[in-house]
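Source file model.cif; content: mmCIF, C-alpha atoms.
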```cif
data_input
#
loop_
_atom_site.label_atom_id
_atom_site.label_comp_id
_atom_site.auth_asym_id
_atom_site.auth_seq_id
_atom_site.Cartn_x
_atom_site.Cartn_y
_atom_site.Cartn_z
CA MET O 469 5.96 21.48 -2.05
CA GLU O 470 3.64 22.99 0.56
CA CYS O 471 -0.13 22.85 0.60
CA PRO O 472 -1.90 26.09 -0.35
CA GLU O 473 -3.58 27.94 2.46
CA GLY O 474 -7.02 26.79 3.49
CA SER O 475 -7.44 24.08 0.87
CA GLU O 476 -6.90 20.38 0.59
CA GLN O 477 -3.85 19.57 -1.52
CA GLU O 478 -4.73 17.68 -4.68
CA SER O 479 -2.82 14.47 -5.18
CA GLY O 480 -2.53 14.87 -8.93
CA VAL O 481 -3.72 11.31 -9.53
CA ASN O 482 -7.12 9.85 -10.18
CA MET O 483 -8.33 8.14 -7.00
CA ASN O 484 -11.26 6.53 -8.82
CA PRO O 485 -9.98 4.99 -12.06
CA HIS O 486 -12.81 3.71 -14.18
CA LYS O 487 -13.51 0.00 -14.30
CA ARG O 488 -12.81 -1.66 -17.62
CA LEU O 489 -14.24 -4.74 -19.19
CA CYS O 490 -11.88 -7.57 -20.09
CA THR O 491 -11.58 -6.87 -23.81
CA GLU O 492 -8.59 -7.33 -26.04
CA HIS O 493 -6.34 -4.28 -26.34
CA ASN O 494 -2.67 -3.38 -26.63
CA GLY O 495 -1.57 -6.88 -27.46
CA ALA O 496 -2.76 -8.64 -24.30
CA GLU O 497 -4.98 -11.69 -24.56
CA THR O 498 -7.95 -11.15 -22.26
CA VAL O 499 -10.62 -13.43 -20.89
CA SER O 500 -14.24 -12.29 -20.69
CA SER O 501 -16.44 -13.18 -17.73
CA GLU O 502 -18.54 -15.35 -20.04
CA GLN O 503 -15.48 -17.29 -21.16
CA ARG O 504 -14.45 -17.88 -17.55
CA GLU O 505 -17.83 -19.37 -16.78
CA GLU O 506 -17.69 -21.55 -19.87
CA TRP O 507 -14.13 -22.79 -19.40
CA GLY O 508 -14.18 -23.15 -15.61
CA ALA O 509 -11.60 -20.91 -13.98
CA VAL O 510 -8.44 -22.24 -12.36
CA ASP O 511 -8.17 -21.81 -8.62
CA VAL O 512 -5.32 -19.30 -8.49
CA SER O 513 -3.75 -17.01 -11.08
CA ILE O 514 -0.26 -15.74 -10.20
CA ILE O 515 -0.14 -12.16 -11.50
CA MET O 516 3.36 -11.09 -12.47
CA PRO O 517 4.33 -7.86 -14.24
CA VAL O 518 7.84 -7.99 -15.67
CA TYR O 519 10.26 -5.26 -16.64
CA ASN O 520 13.96 -6.02 -17.11
CA ALA O 521 13.87 -8.77 -14.50
CA SER O 522 15.91 -11.47 -16.21
CA ILE O 523 18.50 -11.68 -13.40
CA TRP O 524 15.76 -12.54 -10.90
CA LEU O 525 13.45 -14.73 -12.95
CA ASP O 526 15.06 -18.15 -12.56
CA GLU O 527 14.82 -17.97 -8.77
CA CYS O 528 11.32 -16.50 -8.88
CA LEU O 529 9.96 -19.12 -11.28
CA GLN O 530 11.61 -22.03 -9.49
CA ALA O 531 9.78 -20.93 -6.35
CA ILE O 532 6.48 -20.98 -8.23
CA LEU O 533 7.30 -24.47 -9.45
CA ASP O 534 7.96 -25.53 -5.84
CA GLN O 535 4.55 -24.50 -4.46
CA ASP O 536 2.85 -27.19 -2.37
CA PHE O 537 -0.65 -26.03 -3.30
CA SER O 538 -2.73 -28.94 -4.59
CA GLY O 539 -5.28 -26.87 -6.50
CA SER O 540 -4.99 -25.62 -10.07
CA MET O 541 -2.66 -22.70 -10.83
CA GLU O 542 -1.95 -20.36 -13.70
CA LEU O 543 0.95 -17.97 -14.25
CA SER O 544 -0.06 -14.76 -16.04
CA VAL O 545 2.87 -12.58 -17.12
CA PHE O 546 2.85 -9.22 -18.85
CA ASP O 547 6.19 -7.90 -20.11
CA ASP O 548 6.24 -4.10 -19.98
CA ALA O 549 8.70 -3.46 -22.85
CA SER O 550 11.73 -5.11 -21.27
CA THR O 551 15.00 -4.45 -23.06
CA ASP O 552 16.81 -7.44 -21.55
CA ASP O 553 16.03 -11.10 -22.25
CA SER O 554 13.18 -11.39 -19.73
CA ARG O 555 10.75 -12.69 -22.36
CA LYS O 556 13.24 -15.33 -23.49
CA VAL O 557 13.79 -16.52 -19.91
CA MET O 558 10.03 -16.70 -19.35
CA GLU O 559 9.47 -18.76 -22.47
CA ALA O 560 12.27 -21.13 -21.46
CA TRP O 561 10.34 -21.94 -18.27
CA ARG O 562 7.02 -22.56 -19.96
CA GLU O 563 7.50 -26.31 -20.48
CA LYS O 564 8.64 -26.95 -16.90
CA LEU O 565 5.70 -25.06 -15.49
CA GLU O 566 3.18 -26.79 -17.75
CA GLU O 567 4.62 -30.19 -16.80
CA ARG O 568 3.73 -29.20 -13.23
CA SER O 569 0.19 -28.48 -14.53
CA ILE O 570 0.69 -24.73 -14.14
CA SER O 571 -0.79 -23.09 -17.22
CA VAL O 572 1.19 -20.14 -18.58
CA VAL O 573 0.02 -16.98 -20.32
CA ILE O 574 2.74 -14.59 -21.48
CA SER O 575 2.19 -11.34 -23.37
CA GLY O 576 3.58 -7.84 -23.49
CA HIS O 577 4.44 -4.92 -25.73
CA ASN O 578 7.57 -3.59 -27.43
CA SER O 579 7.05 0.14 -27.18
CA ASP O 580 9.94 2.54 -26.69
CA GLN O 581 8.99 3.11 -23.05
CA PRO O 582 7.37 0.96 -20.33
CA ARG O 583 3.82 2.00 -19.48
CA GLY O 584 4.14 1.41 -15.76
CA VAL O 585 3.55 -1.26 -13.18
CA GLY O 586 -0.16 -0.45 -12.81
CA TYR O 587 -0.68 -0.96 -16.53
CA ALA O 588 1.29 -4.23 -16.53
CA LYS O 589 -0.62 -5.60 -13.54
CA ASN O 590 -3.94 -4.76 -15.15
CA LYS O 591 -2.93 -6.55 -18.34
CA ALA O 592 -1.80 -9.62 -16.44
CA VAL O 593 -5.08 -9.71 -14.51
CA ALA O 594 -7.17 -9.17 -17.65
CA GLN O 595 -5.63 -12.13 -19.48
CA SER O 596 -5.90 -14.47 -16.48
CA CYS O 597 -8.82 -16.69 -15.44
CA GLY O 598 -8.19 -17.70 -11.82
CA ARG O 599 -10.86 -17.37 -9.15
CA TYR O 600 -8.15 -15.96 -6.87
CA LEU O 601 -5.26 -13.63 -7.67
CA CYS O 602 -1.80 -13.95 -6.14
CA PHE O 603 0.37 -10.93 -6.90
CA GLN O 604 4.03 -11.71 -7.39
CA ASP O 605 6.88 -9.32 -8.14
CA ALA O 606 9.42 -10.73 -10.56
CA ASP O 607 12.33 -9.83 -8.28
CA ASP O 608 10.85 -11.57 -5.21
CA VAL O 609 10.62 -15.22 -4.18
CA MET O 610 7.58 -16.99 -2.74
CA LEU O 611 8.12 -19.72 -0.17
CA PRO O 612 6.62 -23.16 -0.99
CA GLN O 613 3.56 -22.80 1.24
CA ARG O 614 2.58 -19.27 0.18
CA ILE O 615 -0.31 -19.98 -2.20
CA ARG O 616 -1.72 -22.80 -0.06
CA LEU O 617 -1.80 -20.75 3.16
CA GLN O 618 -3.11 -17.57 1.57
CA TYR O 619 -5.75 -19.53 -0.34
CA GLU O 620 -6.89 -21.08 2.96
CA ALA O 621 -6.91 -17.65 4.62
CA SER O 622 -9.06 -16.24 1.84
CA ALA O 623 -11.91 -18.55 2.85
CA LEU O 624 -11.85 -17.00 6.32
CA HIS O 625 -11.44 -13.38 5.21
CA LEU O 626 -13.84 -12.62 2.40
CA ASN O 627 -13.58 -9.24 0.68
CA SER O 628 -10.06 -8.79 2.02
CA LEU O 629 -6.56 -8.12 0.79
CA ILE O 630 -4.48 -10.86 2.37
CA GLY O 631 -0.78 -10.42 3.00
CA CYS O 632 1.94 -12.22 4.93
CA ARG O 633 5.16 -11.68 6.78
CA VAL O 634 8.33 -11.23 4.74
CA GLN O 635 12.04 -11.86 4.84
CA ARG O 636 13.97 -8.82 3.61
CA LEU O 637 16.89 -9.38 1.27
CA PRO O 638 19.61 -8.20 1.77
CA GLU O 639 19.13 -8.97 5.44
CA GLY O 640 19.03 -5.83 7.57
CA SER O 641 17.95 -3.48 4.77
CA THR O 642 15.01 -1.20 5.68
CA GLU O 643 15.05 -2.69 9.19
CA ARG O 644 12.35 -0.46 10.72
CA TYR O 645 10.02 -0.91 7.75
CA THR O 646 10.46 -4.68 7.76
CA ARG O 647 9.79 -4.85 11.50
CA TRP O 648 6.59 -2.82 10.98
CA ILE O 649 5.43 -5.11 8.14
CA ASN O 650 5.87 -8.21 10.27
CA MET O 651 4.90 -7.07 13.75
CA ILE O 652 1.83 -4.81 13.62
CA THR O 653 -1.27 -6.48 15.01
CA GLN O 654 -4.43 -7.47 13.15
CA ASP O 655 -6.18 -4.39 14.58
CA GLN O 656 -3.31 -2.16 13.45
CA LEU O 657 -3.64 -3.46 9.90
CA LEU O 658 -6.71 -1.22 9.82
CA THR O 659 -5.71 1.61 12.18
CA GLN O 660 -2.25 2.31 10.72
CA VAL O 661 -3.31 2.73 7.09
CA TYR O 662 -2.45 6.45 7.22
CA THR O 663 1.27 6.13 7.95
CA SER O 664 4.07 6.88 5.50
CA HIS O 665 4.83 3.15 5.27
CA GLY O 666 1.89 2.74 2.88
CA PRO O 667 -0.44 -0.29 2.73
CA THR O 668 -0.34 -2.28 5.96
CA VAL O 669 -0.10 -5.47 3.91
CA ILE O 670 2.46 -4.72 1.24
CA MET O 671 1.67 -5.16 -2.43
CA PRO O 672 4.23 -7.93 -3.16
CA THR O 673 2.32 -10.16 -0.68
CA TRP O 674 -1.25 -9.48 -1.85
CA PHE O 675 -3.73 -12.30 -2.42
CA CYS O 676 -7.44 -11.74 -3.06
CA SER O 677 -10.45 -13.10 -4.90
CA ARG O 678 -11.06 -12.00 -8.46
CA ARG O 679 -14.56 -11.04 -7.36
CA TRP O 680 -13.15 -8.57 -4.82
CA PHE O 681 -10.55 -7.20 -7.25
CA SER O 682 -13.30 -6.57 -9.82
CA LYS O 683 -15.45 -4.77 -7.24
CA VAL O 684 -12.61 -2.47 -6.20
CA GLY O 685 -11.55 -1.69 -9.77
CA TRP O 686 -8.28 -1.65 -11.67
CA PHE O 687 -4.86 -0.28 -10.80
CA ASN O 688 -4.13 3.33 -11.62
CA GLU O 689 -2.20 3.54 -14.92
CA GLU O 690 -1.52 7.27 -15.09
CA ASN O 691 2.27 7.38 -15.11
CA LYS O 692 5.49 6.36 -13.48
CA GLY O 693 5.76 7.63 -9.93
CA VAL O 694 2.12 7.02 -9.01
CA PRO O 695 1.61 4.73 -5.96
CA GLU O 696 -0.90 2.43 -7.67
CA ASP O 697 -0.81 0.03 -4.71
CA LEU O 698 -1.76 2.71 -2.15
CA ILE O 699 -4.56 4.04 -4.37
CA PHE O 700 -5.99 0.53 -4.84
CA PHE O 701 -5.59 -0.19 -1.10
CA TYR O 702 -7.57 2.90 -0.15
CA GLN O 703 -10.22 2.09 -2.75
CA SER O 704 -10.57 -1.40 -1.27
CA LEU O 705 -11.17 0.08 2.19
CA ARG O 706 -13.69 2.55 0.76
CA GLN O 707 -15.62 -0.36 -0.71
CA GLY O 708 -15.89 -1.93 2.75
CA GLY O 709 -12.98 -4.33 2.32
CA SER O 710 -10.74 -5.51 5.11
CA VAL O 711 -7.12 -6.53 5.54
CA ALA O 712 -5.65 -9.76 6.87
CA ARG O 713 -2.18 -11.25 7.21
CA VAL O 714 -0.91 -14.82 7.35
CA ASP O 715 1.50 -14.63 10.25
CA GLN O 716 4.20 -16.65 8.57
CA CYS O 717 7.03 -15.52 6.32
CA LEU O 718 5.86 -16.46 2.84
CA VAL O 719 7.77 -14.02 0.61
CA VAL O 720 11.43 -13.10 0.26
CA TYR O 721 11.10 -9.38 -0.39
CA ARG O 722 14.09 -8.02 -2.26
CA TYR O 723 15.48 -4.52 -1.82
CA HIS O 724 17.52 -2.98 -4.64
CA GLU O 725 18.06 0.41 -6.26
CA LYS O 726 16.04 -0.37 -9.40
CA ALA O 727 12.85 -1.23 -7.51
CA THR O 728 9.84 0.73 -8.80
CA THR O 729 9.12 1.93 -5.24
CA HIS O 730 11.95 4.43 -5.58
CA SER O 731 10.18 6.24 -8.44
CA VAL O 732 7.21 7.26 -6.29
CA LYS O 733 7.36 10.83 -5.00
CA GLU O 734 7.03 11.24 -1.24
CA GLU O 735 4.79 14.29 -1.67
CA THR O 736 2.32 12.29 -3.79
CA ILE O 737 2.00 9.71 -1.02
CA TRP O 738 1.69 12.45 1.61
CA ASN O 739 -1.21 14.10 -0.22
CA LEU O 740 -3.07 10.81 -0.63
CA ARG O 741 -2.62 10.05 3.08
CA VAL O 742 -3.83 13.48 4.21
CA GLY O 743 -6.89 13.20 2.00
CA PHE O 744 -7.76 9.72 3.28
CA LEU O 745 -7.20 10.75 6.91
CA GLN O 746 -9.61 13.67 6.52
CA GLU O 747 -12.14 11.49 4.74
CA ARG O 748 -12.11 8.53 7.12
CA VAL O 749 -11.10 9.91 10.51
CA ILE O 750 -11.17 13.68 10.91
CA SER O 751 -14.61 13.96 9.30
CA GLN O 752 -15.93 11.78 12.14
CA TRP O 753 -14.45 13.92 14.92
CA GLY O 754 -15.72 17.18 16.36
CA SER O 755 -12.19 18.36 17.15
CA PHE O 756 -8.76 16.85 17.73
CA THR O 757 -5.19 17.49 18.85
CA ILE O 758 -2.10 17.12 16.66
CA TRP O 759 0.61 15.32 18.64
CA ASN O 760 3.84 17.06 17.54
CA ALA O 761 4.30 20.81 17.39
CA GLY O 762 7.34 20.35 15.17
CA LYS O 763 7.79 20.23 11.41
CA GLN O 764 5.57 17.23 10.64
CA GLY O 765 2.70 18.33 12.87
CA ARG O 766 2.71 21.85 11.44
CA LYS O 767 2.83 20.50 7.89
CA LEU O 768 -0.21 18.32 8.55
CA TYR O 769 -2.09 21.36 9.90
CA ARG O 770 -1.24 23.44 6.81
CA CYS O 771 -2.40 20.63 4.50
CA LEU O 772 -5.82 20.22 6.09
CA ASN O 773 -8.72 21.81 4.31
CA ALA O 774 -9.96 25.14 5.65
CA ALA O 775 -12.89 23.69 7.58
CA ASN O 776 -10.71 21.19 9.42
CA GLN O 777 -8.11 23.86 10.24
CA LYS O 778 -10.66 26.24 11.74
CA LYS O 779 -13.09 23.89 13.47
CA GLU O 780 -11.22 20.69 14.18
CA VAL O 781 -7.67 21.44 15.39
CA LYS O 782 -7.99 22.52 19.02
CA ALA O 783 -4.28 22.25 19.95
CA PHE O 784 -0.84 20.87 19.29
CA CYS O 785 0.83 18.84 22.02
CA ASP O 786 4.46 17.93 22.56
CA VAL O 787 7.10 16.89 25.12
CA ASP O 788 9.62 19.54 24.06
CA LYS O 789 9.73 22.27 26.72
CA ASN O 790 10.98 24.90 24.26
CA LYS O 791 7.99 24.35 21.96
CA ILE O 792 5.53 24.26 24.84
CA ASP O 793 6.94 27.48 26.34
CA LYS O 794 6.14 29.33 23.08
CA GLY O 795 2.48 28.84 23.97
CA PHE O 796 1.10 29.00 20.43
CA TYR O 797 1.84 28.06 16.84
CA THR O 798 1.03 31.02 14.61
CA TYR O 799 0.06 30.18 11.05
CA GLU O 800 2.04 33.01 9.45
CA ASP O 801 1.17 32.05 5.86
CA SER O 802 -2.54 32.48 6.50
CA LYS O 803 -4.32 35.37 4.82
CA GLU O 804 -6.69 35.65 7.77
CA GLN O 805 -6.44 38.57 10.14
CA PRO O 806 -5.63 38.06 12.89
CA LYS O 807 -3.54 35.06 11.92
CA PRO O 808 -4.66 31.76 13.46
CA LYS O 809 -2.93 30.82 16.70
CA ILE O 810 -3.09 27.21 17.85
CA PRO O 811 -2.21 26.44 21.50
CA ILE O 812 0.79 24.18 22.20
CA LEU O 813 0.31 22.03 25.30
CA HIS O 814 2.20 19.37 27.16
CA TYR O 815 0.75 16.03 26.12
CA LYS O 816 -0.50 15.35 29.65
CA ASN O 817 -2.60 18.52 29.49
CA ALA O 818 -3.99 17.83 26.03
CA SER O 819 -7.20 15.97 25.32
CA PRO O 820 -7.92 13.24 22.79
CA PRO O 821 -8.52 12.32 20.09
CA PHE O 822 -5.01 12.69 18.70
CA VAL O 823 -3.38 12.44 15.31
CA ILE O 824 0.15 11.26 16.11
CA CYS O 825 2.76 12.91 13.87
CA VAL O 826 5.77 11.31 15.55
CA LYS O 827 7.60 8.56 13.69
CA LEU O 828 6.92 5.08 14.98
CA ASP O 829 9.79 3.17 16.53
CA MET O 830 12.08 6.22 16.63
CA THR O 831 11.86 7.41 20.25
CA GLY O 832 13.26 4.41 22.07
CA GLY O 833 9.80 3.49 23.30
CA ILE O 834 9.11 6.89 24.90
CA LEU O 835 6.18 7.72 22.61
CA GLU O 836 4.61 4.34 23.18
CA GLU O 837 5.00 4.68 26.96
CA ASN O 838 3.46 8.16 26.91
CA LEU O 839 0.45 6.90 24.99
CA LYS O 840 0.12 3.94 27.33
CA SER O 841 0.23 6.23 30.38
CA LEU O 842 -2.86 8.05 29.10
CA GLN O 843 -4.73 4.74 28.72
CA LEU O 844 -5.70 5.55 25.14
CA LYS O 845 -7.06 3.10 22.59
CA GLU O 846 -5.57 3.16 19.10
CA GLY O 847 -8.23 3.55 16.45
CA THR O 848 -10.54 5.39 18.83
CA ASP O 849 -8.51 7.89 20.85
CA PHE O 850 -5.61 8.23 18.43
CA PHE O 851 -4.34 7.36 14.96
CA HIS O 852 -0.74 7.26 13.80
CA PHE O 853 0.03 9.41 10.78
CA ASN O 854 3.86 9.29 10.54
#
```
As structure tokens, what does this structure read like?
Amino acid sequence: MECPEGSEQESGVNMNPHKRLCTEHNGAETVSSEQREEWGAVDVSIIMPVYNASIWLDECLQAILDQDFSGSMELSVFDDASTDDSRKVMEAWREKLEERSISVVISGHNSDQPRGVGYAKNKAVAQSCGRYLCFQDADDVMLPQRIRLQYEASALHLNSLIGCRVQRLPEGSTERYTRWINMITQDQLLTQVYTSHGPTVIMPTWFCSRRWFSKVGWFNEENKGVPEDLIFFYQSLRQGGSVARVDQCLVVYRYHEKATTHSVKEETIWNLRVGFLQERVISQWGSFTIWNAGKQGRKLYRCLNAANQKKEVKAFCDVDKNKIDKGFYTYEDSKEQPKPKIPILHYKNASPPFVICVKLDMTGGILEENLKSLQLKEGTDFFHFN
């Protein structure tokens, strides 16, 4: 799907879902703010949506039991119409967890169809009472020090989404993505939020205060295939939030074909990223250069709104002699006459700032060396988009 000429592509999802009060609905027990004050909240609520996760649950729950955190904990589970015996497995663990002084809240629904991971997360949050929220996927495993270290980090990084490094299972799956998760710098956690990788601290590692979660809002519940984590992540940044990472591996992050990530459409993510890039970066620039005169660079140009196309894009740049020798990119689908022509320059002859539309870690270090040779600062002179 291409973006229509001269207009910003709509994402098709609500970027500003309304905030809801914690009131009882759809079978989930909820806790009002007044009740939390009266009861005295636990330190950390582990928020776990569940859908047909029975094969993973024993390992996941044992890891929760093995946490070395000395504060009070609660496990809040919402079962999103599982058709396996997930609920039975959960209930079988209740006594063990409570013996460890981990309170357990389990609810769910039995509709014909699941209502989505955003819905399930919201329900699990609404019925919980912890001052901090630790998000846990049912198919992943937290290492024993996870809650303790992220809880400590939260005191240093207020109003932040806190993540951690991960171990990918099976080992070697999504190698480039895993390397990016673990190796980007603290500064890049904020500058690389526009890339196709999604949130710079990944959702299965999130830890934050309930106060911050409530300020940002709730997860998008529209339908399957909506990147509720990316939408929430962008909303958090809009609210002035930051991002931090505990630089230790605290989560075993499982890759498998049934993961909900696979249901999200690439074009939906693309449109959200383009919109956020225009809102946060391009709107602050007088003009800029798109680094890549190929398919991805041209697609970004076509998806910019009309004002940014006309006023902001001064050139494309590239290293490919064939593209440079053409001299211009002509926007043939434009209804303007004459059709817009954007110069194509060698990167050494182009001027910053740049939006980089070349995939990270795919050029054998050539892209990185080229950027370094120009003595450019990421987050000021350039932003990565791909």
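Taking atom CA of O:Met558 as the reference point, atom CA of O:Gln716 is found at 28.5 Å.
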Report as a PyMOL selection string the residues that result from applying the PyMOL selection byres ((chain O and resi 737) around 12) to the structure here.
-> chain O and resi 477-481+661-667+693-699+702+729+731-736+738-744+853-854
Test item: residues at most 7 Å from O:Asp715, only C-alpha atoms, excluding those fewer than 2 positions along its chain, as a ChimeraX atom specification = /O:632-633,713,717
Report as a short mmCIF file (atom, residue, chain, number, x, y, z; two decimals) with C-alpha atoms, in the coordinates of the input the residues that result from applying the PyMOL selection byres ((chain O and resi 684) around 12) to the structure here.
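selection-v2.cif was written with the following content:
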```cif
data_model
loop_
_atom_site.label_atom_id
_atom_site.label_comp_id
_atom_site.auth_asym_id
_atom_site.auth_seq_id
_atom_site.Cartn_x
_atom_site.Cartn_y
_atom_site.Cartn_z
CA MET O 483 -8.33 8.14 -7.00
CA ASN O 484 -11.26 6.53 -8.82
CA PRO O 485 -9.98 4.99 -12.06
CA HIS O 486 -12.81 3.71 -14.18
CA LYS O 487 -13.51 0.00 -14.30
CA ARG O 488 -12.81 -1.66 -17.62
CA ASN O 627 -13.58 -9.24 0.68
CA SER O 628 -10.06 -8.79 2.02
CA LEU O 629 -6.56 -8.12 0.79
CA CYS O 676 -7.44 -11.74 -3.06
CA SER O 677 -10.45 -13.10 -4.90
CA ARG O 678 -11.06 -12.00 -8.46
CA ARG O 679 -14.56 -11.04 -7.36
CA TRP O 680 -13.15 -8.57 -4.82
CA PHE O 681 -10.55 -7.20 -7.25
CA SER O 682 -13.30 -6.57 -9.82
CA LYS O 683 -15.45 -4.77 -7.24
CA GLY O 685 -11.55 -1.69 -9.77
CA TRP O 686 -8.28 -1.65 -11.67
CA PHE O 687 -4.86 -0.28 -10.80
CA ASN O 688 -4.13 3.33 -11.62
CA ILE O 699 -4.56 4.04 -4.37
CA PHE O 700 -5.99 0.53 -4.84
CA PHE O 701 -5.59 -0.19 -1.10
CA TYR O 702 -7.57 2.90 -0.15
CA GLN O 703 -10.22 2.09 -2.75
CA SER O 704 -10.57 -1.40 -1.27
CA LEU O 705 -11.17 0.08 2.19
CA ARG O 706 -13.69 2.55 0.76
CA GLN O 707 -15.62 -0.36 -0.71
CA GLY O 708 -15.89 -1.93 2.75
CA GLY O 709 -12.98 -4.33 2.32
CA SER O 710 -10.74 -5.51 5.11
#
```
Output the residue selection produced by the PyMOL selection byres ((chain O and resi 815-823) around 10) on the file above, formatted as a PyMOL selection string.
-> chain O and resi 745+749-750+753-760+765+768+781-788+792+811-814+824-826+838-839+841-842+844-854
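Taking atom CA of O:Met830 and atom CA of O:Lys791 as endpoints, the distance between them is 19.3 Å.
Nearest to O:Val634 of all the residues O:Ala774, O:Met671, O:Val572, O:Ala761 is O:Met671, based on all atoms listed in the file.
Taking all atoms listed in the file, the non-local environment of O:Arg722 within 8 Å (same-chain residues fewer than 5 positions away omitted) comprises Asp607, Asp608, Arg636, Leu637 and Pro638 of chain O.
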Enter the distance from atom CA of O:Thr673 to atom CA of O:Gln604, in Å, rounded to one decimal.
-> 7.1 Å
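Nearest to O:Ala621 of all the residues O:Phe546, O:Trp674, O:Tyr645, O:Tyr769 is O:Trp674, based on all atoms listed in the file.
Every protein, DNA or RNA residue with an atom at most 8 Å from O:Ala606, where all atoms listed in the file count and chain neighbours fewer than 3 positions away do not, is listed here: Met516, Pro517, Val518, Ala521, Trp524, Leu525, Cys528 and Val609 of chain O.
Shortest separation to O:Leu601 among O:Gly576, O:Pro672, O:Gly832, O:Pro806 occurs at residue O:Pro672, atoms counted being only C-alpha atoms.
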Of O:Tyr519, O:Ile574, O:Gln843, O:Gly762, the one sitting nearest O:Asn790 when using only C-alpha atoms is O:Gly762
Show which residues sit within 8 Å of O:Asp526, as an MDAnalysis selection string. Count all atoms listed in the file, and ignore same-chain residues fewer than 4 positions away.
-> chainID O and resid 522 530 557
Just C-alpha atoms for this one: save the residues we selected as a CSV table (one decimal), in the frame of the given file.
```csv
chain,number,residue,atom,x,y,z
O,522,SER,CA,15.9,-11.5,-16.2
O,530,GLN,CA,11.6,-22.0,-9.5
O,557,VAL,CA,13.8,-16.5,-19.9
```
List every protein, DNA or RNA residue that has an atom no more than 12 Å from (1.7, -17.7, 4.1) in the file's coordinate frame, counting all atoms listed in the file, and report them as a PyMOL selection string.
-> chain O and resi 535-537+602+610-622+630-635+673-675+712-720
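Of the residues listed (O:Val512, O:Leu565, O:Gly584, O:Leu529), O:Gly584 shows the shortest atom-to-atom separation from O:Asp547; distances use only C-alpha atoms.
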